[in-house]
Structures are given as C-alpha cells and as structure tokens.
Amino acid sequence: MDSAVVLSAIVVTRNNPFDLQLTLASIACQRPVLPGEVIVVDSSTQPTSTAELQEILGDRLCLKHLQDRPARGVYPAMNLGLQASSGQIVHFLNAGDSWFDPTAQAAALQAWQAAPTTPRALVGQALICPLPPCRTRPWLVPDPAIHSFQRWLRHYVPNHQSLMVDGDWARRHPLASDAPHSADRDWMRLALADPTRVVYLPRPLVRFQLGGLSSRLPDWPTLRLRLREPSRSHVQKLAEIVKFLLRPLEAHYPALMALRSRCIGWLV
C-alpha cells in the first residue's frame, strides 16, 4: 500500500475518558506505525481535549476529534466517523476495546494485502473479556476449533471490533438508522455477504470488553425496542425473548455465552 491513509480507526465514546485513553494507547503502540488516521466521535458531556488525545497518539497518527452533541446514539456516531474517514480500510473500536497486542494491526494488514482479490472485509478473532466480579475466563470468538468460517457465520456474526472493511464500500453503506440495537449486525452481514471477498484470519486481533448494551441481557424496555426493529427476523426476535427470560441468570450469562461459543466451535 502507498503512503495514502491506509487505516481509518473510528473510536466512539461517551463519558468514559479512561476507556478512551486505553483504546487510543493500544492504537498508538502498534508496530510498525503505518499511515493512518484516528477518528474520535465524542458524545461526552465534558469531552477530553483534542490536545490530550493527540498526545496519547503521538505525532505519526492523524487525529480527527468530532463532537456529537446532543448524543444521537452509537450508530449515528459510527456513521459520523465513516463520513469523516478517508482510509483504504475502516476499523471500528469502541472506547474500552483494544488491539490484542502490538503486532495485531500489522498481521491484519499483511493478510489483507496477501488476499488474491481485494477484500471487502477481513475478520479476526476477538478475545471476549467479562468484567469483574464475573469469574468466567476470557474466550475467543470465533472459537479456534472451527473448521469452516462460512459455516460459523450461519450461527454468529463477528464482533464488529474484529472486522476490518474496505473503506470505499463502508462509506457507500452507512449503518441503518431504523435499528438502534442491531444496525451493526446487519451492516456486518452485508459486508460479509460475498464469501469470495472475505478473509478470515485465525488469530486474536482485538480485546472486547463485555458490559455494553449489545452484550447485556435485555430488560423489558430494551426487549420492546428490539422486537420492533424491522431488520430483525422472527428467529432473531425469538432469541431476544429467550435472552429476556434468562435475566434471573444474568450473573451467569457470560459463562453461558462462552459455553455456546465453544459448542458452536466444535460443531462447525
């Protein structure tokens, strides 16, 4: 790849400055440092200063610090970051998520370049990290035991943090505005629809921190919103009802997630 912007890392944040710093530090420590930009879409009531964020990134990465106030939600914020991006590849990280290690980004870009045709998307493994006091050990998604990534996609969608997408394609396909709880899932399915243009890299790329809205069991208001989303199929809505009924077991939900991931890994 040439000296143009290779990777646009889009970081969405709201009132979590410590998590934002963690994410930016993980971007800054990637080696080698490639031409790239970091787009922070900040919906915080008291945003961190642009100078402080640039200090974390250093002088080799371009920072675009966008304000999204009043906050319109995570997916409009992601679309705002997409509109401001110029990279050949787009990668979303939420504040609090991070690259798995300092070589992860380079490994992903090497696999992208080695593909026989220009990929539309690359997927790696995400290390799912439950928050204390949960004692469930972190686990990888997809599970390392899978034999076929395409068969795995029949049961799962990746964590969007472990997905890298062709920048031109991403900017032509913003996330849907009528699915406040599932727009990223539908967007990923569209990006992965052509298996000939998808690269699966069986290597941990990112660490994903459980605890956000998409990774919690839904309460009644959340369930009602999800059941009204036109993009969800009947099967997906039934799955949300099952999750709602599991709320009494919420403390054990990460363990159930890990068990399901391992079982699907063995089966596919």
# chains A, B, ... in the order shown; residues from 1 in each chain; ligands from 1

call {"tool": "closest_atom_pairs", "arguments": {"of": "range 38-125 of chain A", "to": "range 164-175 of chain A", "cutoff": "7 Å", "atoms": "only C-alpha atoms", "output": "JSON lines"}}
result
{"residue": "A:Tyr75", "atom": "CA", "partner": "A:Leu175", "partner_atom": "CA", "distance": 6.5}
{"residue": "A:Asn79", "atom": "CA", "partner": "A:Pro174", "partner_atom": "CA", "distance": 5.8}
{"residue": "A:Leu82", "atom": "CA", "partner": "A:Arg171", "partner_atom": "CA", "distance": 5.9}
{"residue": "A:Gln83", "atom": "CA", "partner": "A:Arg171", "partner_atom": "CA", "distance": 6.5}
{"residue": "A:Gly87", "atom": "CA", "partner": "A:Gly167", "partner_atom": "CA", "distance": 5.8}
{"residue": "A:Gln88", "atom": "CA", "partner": "A:Gly167", "partner_atom": "CA", "distance": 4.8}
{"residue": "A:Ile89", "atom": "CA", "partner": "A:Gly167", "partner_atom": "CA", "distance": 4.5}
{"residue": "A:Val90", "atom": "CA", "partner": "A:Gly167", "partner_atom": "CA", "distance": 5.1}
{"residue": "A:His91", "atom": "CA", "partner": "A:Met164", "partner_atom": "CA", "distance": 4.9}
{"residue": "A:Pro119", "atom": "CA", "partner": "A:Asp166", "partner_atom": "CA", "distance": 6.9}
{"residue": "A:Arg120", "atom": "CA", "partner": "A:Asp166", "partner_atom": "CA", "distance": 5.0}
{"residue": "A:Ala121", "atom": "CA", "partner": "A:Val165", "partner_atom": "CA", "distance": 4.4}
{"residue": "A:Leu122", "atom": "CA", "partner": "A:Met164", "partner_atom": "CA", "distance": 5.1}
{"residue": "A:Val123", "atom": "CA", "partner": "A:Met164", "partner_atom": "CA", "distance": 6.5}

call {"tool": "residues_around", "arguments": {"residues": "Leu127 in chain A", "least_positions_apart": "3", "cutoff": "8 Å", "atoms": "only C-alpha atoms", "output": "ChimeraX atom specification"}}
result
/A:100,138-141,204-208

call {"tool": "write_last_selection", "arguments": {"atoms": "C-alpha atoms", "output": "CSV table (one decimal), in the first residue's frame"}}
result
chain,number,residue,atom,x,y,z
A,100,PHE,CA,-4.9,-7.7,21.2
A,138,PRO,CA,-11.9,-14.7,28.6
A,139,TRP,CA,-12.7,-16.7,25.4
A,140,LEU,CA,-12.1,-16.3,21.7
A,141,VAL,CA,-14.8,-15.6,19.1
A,204,PRO,CA,-6.6,-12.8,18.0
A,205,LEU,CA,-6.9,-9.2,16.8
A,206,VAL,CA,-8.8,-7.3,19.5
A,207,ARG,CA,-9.9,-7.4,23.1
A,208,PHE,CA,-13.7,-6.8,23.5

call {"tool": "atom_distance", "arguments": {"atom1": "CA of Ala193 in chain A", "atom2": "CA of Arg232 in chain A"}}
result
16.8 Å

call {"tool": "closest_residue", "arguments": {"among": "A:Pro142, A:Gly81, A:Pro248, A:Gly96", "to": "Tyr200 in chain A", "atoms": "only C-alpha atoms"}}
result
A:Pro142

call {"tool": "atom_distance", "arguments": {"atom1": "CA of Glu52 in chain A", "atom2": "CA of His65 in chain A"}}
result
11.0 Å

call {"tool": "residues_around", "arguments": {"residues": "Arg189 in chain A", "least_positions_apart": "3", "cutoff": "10 Å", "atoms": "only C-alpha atoms", "output": "list in words"}}
result
Leu153, Tyr156, Val157, Pro158, Asp184, Arg185, Asp186, Leu192, Ala193 and Asp194 of chain A

call {"tool": "write_last_selection", "arguments": {"atoms": "N, CA and C atoms", "output": "tab-separated table (two decimals), in the first residue's frame"}}
result
chain	number	residue	atom	x	y	z
A	153	LEU	N	-20.57	-18.53	10.28
A	153	LEU	CA	-21.39	-17.33	10.05
A	153	LEU	C	-22.89	-17.64	10.02
A	156	TYR	N	-23.44	-17.12	13.91
A	156	TYR	CA	-22.89	-15.95	14.59
A	156	TYR	C	-22.69	-14.81	13.59
A	157	VAL	N	-22.57	-13.62	14.12
A	157	VAL	CA	-21.90	-12.53	13.41
A	157	VAL	C	-20.68	-12.17	14.24
A	158	PRO	N	-19.61	-11.68	13.62
A	158	PRO	CA	-18.41	-11.33	14.39
A	158	PRO	C	-18.67	-10.14	15.31
A	184	ASP	N	-25.36	-2.66	13.56
A	184	ASP	CA	-24.02	-3.18	13.23
A	184	ASP	C	-24.09	-4.62	12.75
A	185	ARG	N	-25.04	-5.43	13.27
A	185	ARG	CA	-25.17	-6.81	12.85
A	185	ARG	C	-25.57	-6.89	11.38
A	186	ASP	N	-26.56	-6.08	10.98
A	186	ASP	CA	-27.00	-6.10	9.58
A	186	ASP	C	-25.91	-5.56	8.66
A	192	LEU	N	-20.14	-9.12	4.69
A	192	LEU	CA	-19.64	-10.49	4.59
A	192	LEU	C	-20.44	-11.34	3.61
A	193	ALA	N	-21.34	-10.70	2.85
A	193	ALA	CA	-22.27	-11.46	2.01
A	193	ALA	C	-21.58	-12.19	0.87
A	194	ASP	N	-20.47	-11.67	0.37
A	194	ASP	CA	-19.74	-12.30	-0.74
A	194	ASP	C	-18.53	-13.04	-0.19

call {"tool": "residues_around", "arguments": {"residues": "range 25-27 of chain A", "least_positions_apart": "2", "cutoff": "7 Å", "atoms": "only C-alpha atoms", "output": "MDAnalysis selection string"}}
result
chainID A and resid 21:23 29:30 56:57 98:99

call {"tool": "write_last_selection", "arguments": {"atoms": "C-alpha atoms", "output": "compact mmCIF listing (two decimals), in the first residue's frame"}}
result
# COMPACT_ATOMS: atom_id res chain seq x y z
CA GLN A 21 -7.37 6.61 26.69
CA LEU A 22 -6.92 2.82 26.91
CA THR A 23 -8.17 2.38 23.34
CA CYS A 29 1.54 1.12 20.43
CA GLN A 30 1.02 -0.79 17.15
CA ILE A 56 -1.59 9.86 23.57
CA LEU A 57 -1.41 9.06 19.84
CA SER A 98 -8.18 -2.51 22.20
CA TRP A 99 -5.88 -4.32 19.81

call {"tool": "select_by_dssp", "arguments": {"residues": "range 43-245 of chain A", "states": "strand (DSSP E)", "output": "PyMOL selection string"}}
result
chain A and resi 62-67+89-94+98-99+121-129+139-141+163-166+198-209

call {"tool": "closest_residue", "arguments": {"among": "A:Ile264, A:Leu210, A:Leu34, A:Leu217", "to": "Pro132 in chain A", "atoms": "only C-alpha atoms"}}
result
A:Leu210

call {"tool": "closest_residue", "arguments": {"among": "A:Gln125, A:Ile39, A:Ala111, A:Asp143", "to": "Leu259 in chain A", "atoms": "only C-alpha atoms"}}
result
A:Asp143

call {"tool": "atom_distance", "arguments": {"atom1": "CA of Arg31 in chain A", "atom2": "CA of Ala9 in chain A"}}
result
15.1 Å

call {"tool": "select_by_dssp", "arguments": {"residues": "range 168-202 of chain A", "states": "helix (DSSP H, G or I)", "output": "number ranges by chain"}}
result
A: 168-172, 183-191, 195-197

call {"tool": "decode", "arguments": {"residues": "range 79-100 of chain A", "atoms": "C-alpha atoms", "output": "PDB file, in the first residue's frame"}}
result
ATOM      1  CA  ASN A  79     -21.827   6.953  10.647  1.00  0.00           C
ATOM      2  CA  LEU A  80     -20.397  10.369  11.532  1.00  0.00           C
ATOM      3  CA  GLY A  81     -16.982   8.745  11.821  1.00  0.00           C
ATOM      4  CA  LEU A  82     -17.475   6.978   8.485  1.00  0.00           C
ATOM      5  CA  GLN A  83     -18.291  10.259   6.749  1.00  0.00           C
ATOM      6  CA  ALA A  84     -15.075  11.808   8.070  1.00  0.00           C
ATOM      7  CA  SER A  85     -12.863   8.830   7.166  1.00  0.00           C
ATOM      8  CA  SER A  86     -10.526   8.631   4.185  1.00  0.00           C
ATOM      9  CA  GLY A  87      -8.700   5.349   4.766  1.00  0.00           C
ATOM     10  CA  GLN A  88      -8.467   2.428   2.375  1.00  0.00           C
ATOM     11  CA  ILE A  89      -9.640   0.265   5.293  1.00  0.00           C
ATOM     12  CA  VAL A  90     -12.085   1.151   8.081  1.00  0.00           C
ATOM     13  CA  HIS A  91     -11.974  -0.341  11.566  1.00  0.00           C
ATOM     14  CA  PHE A  92     -14.369   0.446  14.446  1.00  0.00           C
ATOM     15  CA  LEU A  93     -13.262   0.297  18.078  1.00  0.00           C
ATOM     16  CA  ASN A  94     -15.481   1.321  20.972  1.00  0.00           C
ATOM     17  CA  ALA A  95     -13.845   3.163  23.851  1.00  0.00           C
ATOM     18  CA  GLY A  96     -12.544   0.453  26.174  1.00  0.00           C
ATOM     19  CA  ASP A  97     -11.733  -2.030  23.396  1.00  0.00           C
ATOM     20  CA  SER A  98      -8.176  -2.514  22.201  1.00  0.00           C
ATOM     21  CA  TRP A  99      -5.882  -4.317  19.809  1.00  0.00           C
ATOM     22  CA  PHE A 100      -4.856  -7.717  21.153  1.00  0.00           C
TER      23      PHE A 100
END
